[in-house]
Amino acid sequence: MPGKGISLLELDEAKGSLREIHSFTGVKNPSYLCFDRREKLLLAATENDENRGAVTSFRLSGNRALSRLSFIDGPGRANCHVNMDSTCRLVFAASYGEGRLKVYSLEGGRLIENILDHNYEGKGPNEERQEHSHAHQAVLSPDERWLYVADLGSDCLWIHDMDDLSAPPRSVKTPPGKGPRHMVFHRESQRLYVVCELIPALLVFDWDSRTGNLSLIQDAATVEDGDNPKAQPSAVKIHPSGKTVTLANRFTDTVTVFDINGESGLVENRLIFPGRGLICRDLEFSPSGKWLLMAYQESCDIQLCPFDQETGRPVVGWGEAFETGTPTCLVPLD
C-alpha cells in the first residue's frame with residue numbers, strides 16, 4: 001500500500017482507535033517529522049526524485065488542516081531525520097546516505113537558508129554497513145546548549161556546541177560495530193539513552209550539562225541472544241511517566257521495555273513482547289501515556305498497545321489497528 005503523504009489522525013483514548021481527519025498529498029516521500037505545539041509548526045524531511053535532501057514546513061490551522069509554508073532543497077542527498085530548537089529559529093537535518101548535518105535558519109515558520117553544511121568522517125568494523133559515516137539523527141540536549149548527532153557508520157556520537165556551530169564537533173565513541181541510530185534524553189536523571197541498530201543494544205550515557213560530555217555507564221541487550229543476529233532496533237522513546245524506556249526491534253518484530261532506576265538512571269527488568277505488524281519504523285506514546293502507537297512500514301498499519309499511565313509498563317490487550325500506507329514517523333500534536 002503506497003503512502004499518500006502526511007496524515008493527521010485523531011486518537012480515541014477510550015477505545016484505542018485512530019481515524020483520519022486530514023491528509024496532505026502535496027509532499028513526496030516524507031520520511032521524518034517534527035512539530036512545535038506553540039507555533040503549530042510542522043517540519044518534514046522529504047526525498048525528491050533526484051534523492052536530494054529537502055525540508056518542508058507547514059502550519060497546522062484551527063480547522064486541523066495543514067498549509068504549506070516553505071520548501072528548501074539541498075544541499076546534498078536525502079535527509080532521514082529533522083528537528084528544530086524551541087525558538088523555531090534553527091532546523092537540523094541529518095543525511096544518512098552521506099553522513100551529513102545540515103542546519104537551516106527559520107523565520108515565521110519559513111525556511112530561509114542553509115547556514116551550516118557539515119560532513120562527518122569515519123567508519124566501523126561492519127564493512128557492509130559502516131563503510132563511511134551515516135548520520136542518523138540530530139537531538140538537542142534538554143537545555144539546548146549542545147547538539148548531538150548519532151553516527152551509525154562511525155560508531156560515535158558527535159557533539160556540537162550551539163554557541164559556535166561552526167566549530168569542529170567533538171566525538172564520543174560507542175562500542176565497535178553496534179551502530180548508534182536514535183537517542184532520547186531523560187529530562188530528570190541527566191541520562192541519554194541510545195539505541196543501536198547493527199548489534200541490538202541500548203546504551204546509557206551520563207550527561208554533563210556543563211561540558212556536554214557523555215560517559216557510557218551501561219550497555220544492555222534489547223533482545224534474547226538467539227535473536228541478536230536478526231534484530232535491528234529502530235526508534236526509542238521514554239514513557240511520559242519517566243519510569244520506562246521503550247524501543248522497537250525490527251525483523252524480530254518485537255518491542256522491548258526497560259524500567260528506569262529512579263536513582264541511577266540505569267535500565268533494568270527487561271520485558272520483550274511481540275508486536276502485531278511487520279518492521280516497526282517508529283513508535284510514540286500518546287501524551288497521556290495510555291497508548292503506545294507503533295508505525296509498521298511493511299504491514300502498512302499502526303498498532304496500539306495499552307500502557308499503565310503510572311508505571312509506564314504495558315498491560316494486557318490491544319487497540320484497533322489503523323491501516324495506512326508505509327508509515328515511517330509518528331508525532332503527537334497535543
# chains A, B, ... in the order shown; residues from 1 in each chain; ligands from 1
call {"tool": "closest_atom_pairs", "arguments": {"of": "stretch 77-144 of chain A", "to": "stretch 186-204 of chain A", "cutoff": "10 Å", "atoms": "only C-alpha atoms", "output": "Markdown table"}}
result
| residue | atom | partner | partner_atom | distance |
| --- | --- | --- | --- | --- |
| A:Asn126 | CA | A:Leu198 | CA | 8.5 |
| A:Arg129 | CA | A:Leu198 | CA | 8.2 |
| A:Gln130 | CA | A:Leu198 | CA | 9.5 |
| A:Ser141 | CA | A:Arg187 | CA | 9.0 |
| A:Pro142 | CA | A:Arg187 | CA | 6.4 |
| A:Asp143 | CA | A:Arg187 | CA | 9.3 |
call {"tool": "write_last_selection", "arguments": {"atoms": "N, CA and C atoms", "output": "short mmCIF file (atom, residue, chain, number, x, y, z; two decimals), in the first residue's frame"}}
result
data_model
loop_
_atom_site.label_atom_id
_atom_site.label_comp_id
_atom_site.auth_asym_id
_atom_site.auth_seq_id
_atom_site.Cartn_x
_atom_site.Cartn_y
_atom_site.Cartn_z
N ASN A 126 31.92 -3.08 10.65
CA ASN A 126 30.96 -3.73 9.77
C ASN A 126 31.17 -3.18 8.35
N ARG A 129 27.88 -2.15 6.29
CA ARG A 129 27.03 -1.07 6.75
C ARG A 129 27.79 0.14 7.29
N GLN A 130 29.09 -0.03 7.56
CA GLN A 130 29.86 1.06 8.17
C GLN A 130 31.06 1.44 7.32
N SER A 141 20.26 18.78 23.51
CA SER A 141 20.22 18.49 24.94
C SER A 141 19.02 19.22 25.56
N PRO A 142 18.56 18.79 26.74
CA PRO A 142 17.39 19.44 27.35
C PRO A 142 17.54 20.95 27.52
N ASP A 143 18.76 21.42 27.76
CA ASP A 143 18.98 22.86 27.91
C ASP A 143 19.30 23.54 26.58
#
call {"tool": "select_by_dssp", "arguments": {"residues": "stretch 108-160 of chain A", "states": "strand (DSSP E)", "output": "NGL selection string"}}
result
:A and (110-119 or 135-140 or 146-151 or 156-160)
call {"tool": "residues_around", "arguments": {"residues": "A:His239", "least_positions_apart": "4", "cutoff": "8 Å", "atoms": "only C-alpha atoms", "output": "PDB file with N, CA and C atoms, in the first residue's frame"}}
result
ATOM      1  N   LYS A 243       9.327   6.590  33.822  1.00  0.00           N
ATOM      2  CA  LYS A 243       9.747   5.393  34.556  1.00  0.00           C
ATOM      3  C   LYS A 243      10.232   4.263  33.661  1.00  0.00           C
ATOM      4  N   THR A 244       9.958   4.326  32.373  1.00  0.00           N
ATOM      5  CA  THR A 244      10.386   3.267  31.460  1.00  0.00           C
ATOM      6  C   THR A 244      10.875   3.861  30.150  1.00  0.00           C
ATOM      7  N   VAL A 245      11.667   3.050  29.429  1.00  0.00           N
ATOM      8  CA  VAL A 245      12.107   3.401  28.080  1.00  0.00           C
ATOM      9  C   VAL A 245      11.747   2.224  27.175  1.00  0.00           C
ATOM     10  N   THR A 246      11.201   2.534  26.004  1.00  0.00           N
ATOM     11  CA  THR A 246      10.666   1.518  25.095  1.00  0.00           C
ATOM     12  C   THR A 246      11.304   1.674  23.716  1.00  0.00           C
ATOM     13  N   PHE A 285       4.413   7.442  22.230  1.00  0.00           N
ATOM     14  CA  PHE A 285       3.383   7.373  23.251  1.00  0.00           C
ATOM     15  C   PHE A 285       2.374   8.505  23.061  1.00  0.00           C
ATOM     16  N   GLY A 289       0.175   8.871  28.030  1.00  0.00           N
ATOM     17  CA  GLY A 289       0.896   7.666  28.378  1.00  0.00           C
ATOM     18  C   GLY A 289       0.046   6.417  28.374  1.00  0.00           C
ATOM     19  N   GLY A 312       4.231   2.978  33.536  1.00  0.00           N
ATOM     20  CA  GLY A 312       4.896   3.043  32.236  1.00  0.00           C
ATOM     21  C   GLY A 312       5.172   1.698  31.618  1.00  0.00           C
TER      22      GLY A 312
END
call {"tool": "residues_around", "arguments": {"residues": "A:Val27", "least_positions_apart": "6", "cutoff": "12 Å", "atoms": "only C-alpha atoms", "output": "list in words"}}
result
Gly3, Lys4, Gly5, Ile6, Ser7, Leu43, Ala44, Ala45, Thr46, Glu47, Asn48, Asp49, Ala54, Val55, Thr56, Ser57, Phe58, Leu66, Ser67, Arg68, Leu69, Ser70 and Phe71 of chain A
call {"tool": "residues_around", "arguments": {"residues": "A:Ala231", "least_positions_apart": "2", "cutoff": "8 Å", "atoms": "only C-alpha atoms", "output": "ChimeraX atom specification"}}
result
/A:197,199-200,223,227-229,233,249-252
call {"tool": "atom_distance", "arguments": {"atom1": "atom CA of A:Ala14", "atom2": "atom CA of A:Ala235"}}
result
25.5 Å
call {"tool": "residues_around", "arguments": {"residues": "stretch 108-117 of chain A", "least_positions_apart": "4", "cutoff": "10 Å", "atoms": "only C-alpha atoms", "output": "PDB file with N, CA, C and O atoms, in the first residue's frame"}}
result
ATOM      1  N   GLU A  39       3.893  27.084  18.184  1.00  0.00           N
ATOM      2  CA  GLU A  39       3.772  27.756  16.894  1.00  0.00           C
ATOM      3  C   GLU A  39       2.902  26.986  15.899  1.00  0.00           C
ATOM      4  O   GLU A  39       2.662  27.474  14.797  1.00  0.00           O
ATOM      5  N   LYS A  40       2.461  25.772  16.288  1.00  0.00           N
ATOM      6  CA  LYS A  40       1.685  24.913  15.387  1.00  0.00           C
ATOM      7  C   LYS A  40       2.428  24.708  14.065  1.00  0.00           C
ATOM      8  O   LYS A  40       1.867  24.750  12.974  1.00  0.00           O
ATOM      9  N   LEU A  41       3.716  24.466  14.193  1.00  0.00           N
ATOM     10  CA  LEU A  41       4.600  24.359  13.034  1.00  0.00           C
ATOM     11  C   LEU A  41       5.063  22.919  12.878  1.00  0.00           C
ATOM     12  O   LEU A  41       5.579  22.315  13.820  1.00  0.00           O
ATOM     13  N   LEU A  42       4.903  22.391  11.669  1.00  0.00           N
ATOM     14  CA  LEU A  42       5.324  21.029  11.352  1.00  0.00           C
ATOM     15  C   LEU A  42       6.418  21.066  10.304  1.00  0.00           C
ATOM     16  O   LEU A  42       6.297  21.776   9.305  1.00  0.00           O
ATOM     17  N   LEU A  43       7.478  20.293  10.527  1.00  0.00           N
ATOM     18  CA  LEU A  43       8.555  20.155   9.557  1.00  0.00           C
ATOM     19  C   LEU A  43       8.606  18.719   9.064  1.00  0.00           C
ATOM     20  O   LEU A  43       8.386  17.784   9.839  1.00  0.00           O
ATOM     21  N   VAL A  55      13.671  19.886   3.038  1.00  0.00           N
ATOM     22  CA  VAL A  55      12.824  20.067   4.209  1.00  0.00           C
ATOM     23  C   VAL A  55      11.660  20.956   3.810  1.00  0.00           C
ATOM     24  O   VAL A  55      11.829  21.941   3.078  1.00  0.00           O
ATOM     25  N   THR A  56      10.459  20.602   4.283  1.00  0.00           N
ATOM     26  CA  THR A  56       9.250  21.378   4.018  1.00  0.00           C
ATOM     27  C   THR A  56       8.634  21.788   5.342  1.00  0.00           C
ATOM     28  O   THR A  56       8.604  20.991   6.290  1.00  0.00           O
ATOM     29  N   SER A  57       8.135  23.023   5.432  1.00  0.00           N
ATOM     30  CA  SER A  57       7.464  23.480   6.645  1.00  0.00           C
ATOM     31  C   SER A  57       5.977  23.692   6.372  1.00  0.00           C
ATOM     32  O   SER A  57       5.579  24.096   5.263  1.00  0.00           O
ATOM     33  N   PHE A  58       5.163  23.413   7.406  1.00  0.00           N
ATOM     34  CA  PHE A  58       3.706  23.536   7.324  1.00  0.00           C
ATOM     35  C   PHE A  58       3.176  24.214   8.581  1.00  0.00           C
ATOM     36  O   PHE A  58       3.792  24.133   9.650  1.00  0.00           O
ATOM     37  N   ARG A  59       2.007  24.824   8.442  1.00  0.00           N
ATOM     38  CA  ARG A  59       1.290  25.361   9.600  1.00  0.00           C
ATOM     39  C   ARG A  59       0.028  24.538   9.802  1.00  0.00           C
ATOM     40  O   ARG A  59      -0.683  24.218   8.840  1.00  0.00           O
ATOM     41  N   ARG A  68       1.004  24.502   3.496  1.00  0.00           N
ATOM     42  CA  ARG A  68       2.445  24.533   3.240  1.00  0.00           C
ATOM     43  C   ARG A  68       2.964  25.962   3.293  1.00  0.00           C
ATOM     44  O   ARG A  68       2.399  26.871   2.672  1.00  0.00           O
ATOM     45  N   LEU A  69       4.083  26.155   4.026  1.00  0.00           N
ATOM     46  CA  LEU A  69       4.679  27.475   4.163  1.00  0.00           C
ATOM     47  C   LEU A  69       5.920  27.648   3.297  1.00  0.00           C
ATOM     48  O   LEU A  69       6.094  28.686   2.658  1.00  0.00           O
ATOM     49  N   SER A  70       6.802  26.646   3.311  1.00  0.00           N
ATOM     50  CA  SER A  70       8.067  26.819   2.591  1.00  0.00           C
ATOM     51  C   SER A  70       8.706  25.475   2.304  1.00  0.00           C
ATOM     52  O   SER A  70       8.337  24.435   2.873  1.00  0.00           O
ATOM     53  N   PHE A  71       9.695  25.530   1.420  1.00  0.00           N
ATOM     54  CA  PHE A  71      10.424  24.331   1.000  1.00  0.00           C
ATOM     55  C   PHE A  71      11.859  24.748   0.706  1.00  0.00           C
ATOM     56  O   PHE A  71      12.095  25.788   0.089  1.00  0.00           O
ATOM     57  N   ILE A  72      12.822  23.945   1.202  1.00  0.00           N
ATOM     58  CA  ILE A  72      14.218  24.227   0.891  1.00  0.00           C
ATOM     59  C   ILE A  72      14.862  22.934   0.409  1.00  0.00           C
ATOM     60  O   ILE A  72      14.661  21.866   0.989  1.00  0.00           O
ATOM     61  N   ASP A  73      15.619  23.033  -0.664  1.00  0.00           N
ATOM     62  CA  ASP A  73      16.166  21.855  -1.350  1.00  0.00           C
ATOM     63  C   ASP A  73      17.678  21.828  -1.181  1.00  0.00           C
ATOM     64  O   ASP A  73      18.378  22.781  -1.536  1.00  0.00           O
ATOM     65  N   GLY A  74      18.162  20.708  -0.622  1.00  0.00           N
ATOM     66  CA  GLY A  74      19.598  20.528  -0.506  1.00  0.00           C
ATOM     67  C   GLY A  74      20.206  21.349   0.628  1.00  0.00           C
ATOM     68  O   GLY A  74      19.484  21.918   1.436  1.00  0.00           O
ATOM     69  N   PRO A  75      21.525  21.403   0.692  1.00  0.00           N
ATOM     70  CA  PRO A  75      22.466  20.726  -0.204  1.00  0.00           C
ATOM     71  C   PRO A  75      22.552  19.235   0.096  1.00  0.00           C
ATOM     72  O   PRO A  75      22.162  18.775   1.162  1.00  0.00           O
ATOM     73  N   GLY A  76      23.055  18.495  -0.881  1.00  0.00           N
ATOM     74  CA  GLY A  76      23.320  17.095  -0.660  1.00  0.00           C
ATOM     75  C   GLY A  76      22.122  16.187  -0.821  1.00  0.00           C
ATOM     76  O   GLY A  76      21.060  16.581  -1.291  1.00  0.00           O
ATOM     77  N   CYS A  88      12.087  27.873  17.382  1.00  0.00           N
ATOM     78  CA  CYS A  88      11.678  27.729  15.975  1.00  0.00           C
ATOM     79  C   CYS A  88      12.488  28.642  15.062  1.00  0.00           C
ATOM     80  O   CYS A  88      11.969  29.225  14.103  1.00  0.00           O
ATOM     81  N   ARG A  89      13.778  28.754  15.359  1.00  0.00           N
ATOM     82  CA  ARG A  89      14.665  29.558  14.531  1.00  0.00           C
ATOM     83  C   ARG A  89      15.740  28.755  13.822  1.00  0.00           C
ATOM     84  O   ARG A  89      16.338  29.225  12.861  1.00  0.00           O
ATOM     85  N   LEU A  90      15.988  27.531  14.321  1.00  0.00           N
ATOM     86  CA  LEU A  90      17.009  26.680  13.715  1.00  0.00           C
ATOM     87  C   LEU A  90      16.433  25.306  13.437  1.00  0.00           C
ATOM     88  O   LEU A  90      15.692  24.742  14.250  1.00  0.00           O
ATOM     89  N   VAL A  91      16.787  24.753  12.277  1.00  0.00           N
ATOM     90  CA  VAL A  91      16.343  23.423  11.859  1.00  0.00           C
ATOM     91  C   VAL A  91      17.579  22.565  11.599  1.00  0.00           C
ATOM     92  O   VAL A  91      18.548  23.027  10.984  1.00  0.00           O
ATOM     93  N   PHE A  92      17.535  21.315  12.079  1.00  0.00           N
ATOM     94  CA  PHE A  92      18.670  20.388  11.949  1.00  0.00           C
ATOM     95  C   PHE A  92      18.217  19.166  11.159  1.00  0.00           C
ATOM     96  O   PHE A  92      17.235  18.518  11.518  1.00  0.00           O
ATOM     97  N   ALA A  93      18.935  18.864  10.084  1.00  0.00           N
ATOM     98  CA  ALA A  93      18.595  17.712   9.247  1.00  0.00           C
ATOM     99  C   ALA A  93      19.811  16.810   9.117  1.00  0.00           C
ATOM    100  O   ALA A  93      20.917  17.276   8.812  1.00  0.00           O
ATOM    101  N   ARG A 100      25.985  13.496   6.861  1.00  0.00           N
ATOM    102  CA  ARG A 100      25.999  14.949   6.731  1.00  0.00           C
ATOM    103  C   ARG A 100      24.988  15.591   7.679  1.00  0.00           C
ATOM    104  O   ARG A 100      23.888  15.062   7.868  1.00  0.00           O
ATOM    105  N   LEU A 101      25.349  16.716   8.273  1.00  0.00           N
ATOM    106  CA  LEU A 101      24.435  17.531   9.064  1.00  0.00           C
ATOM    107  C   LEU A 101      24.205  18.850   8.356  1.00  0.00           C
ATOM    108  O   LEU A 101      25.161  19.531   7.979  1.00  0.00           O
ATOM    109  N   LYS A 102      22.930  19.202   8.196  1.00  0.00           N
ATOM    110  CA  LYS A 102      22.580  20.482   7.597  1.00  0.00           C
ATOM    111  C   LYS A 102      21.757  21.284   8.594  1.00  0.00           C
ATOM    112  O   LYS A 102      20.843  20.744   9.221  1.00  0.00           O
ATOM    113  N   VAL A 103      22.108  22.549   8.768  1.00  0.00           N
ATOM    114  CA  VAL A 103      21.376  23.444   9.660  1.00  0.00           C
ATOM    115  C   VAL A 103      20.815  24.582   8.832  1.00  0.00           C
ATOM    116  O   VAL A 103      21.526  25.190   8.018  1.00  0.00           O
ATOM    117  N   TYR A 104      19.515  24.864   9.040  1.00  0.00           N
ATOM    118  CA  TYR A 104      18.830  25.923   8.307  1.00  0.00           C
ATOM    119  C   TYR A 104      18.292  26.970   9.277  1.00  0.00           C
ATOM    120  O   TYR A 104      17.953  26.659  10.422  1.00  0.00           O
ATOM    121  N   LEU A 165      28.331  26.828  16.271  1.00  0.00           N
ATOM    122  CA  LEU A 165      28.072  25.679  15.406  1.00  0.00           C
ATOM    123  C   LEU A 165      29.151  25.492  14.339  1.00  0.00           C
ATOM    124  O   LEU A 165      29.307  24.391  13.799  1.00  0.00           O
ATOM    125  N   SER A 166      29.876  26.538  14.037  1.00  0.00           N
ATOM    126  CA  SER A 166      30.917  26.426  13.011  1.00  0.00           C
ATOM    127  C   SER A 166      32.162  25.709  13.523  1.00  0.00           C
ATOM    128  O   SER A 166      33.015  25.292  12.734  1.00  0.00           O
TER     129      SER A 166
END
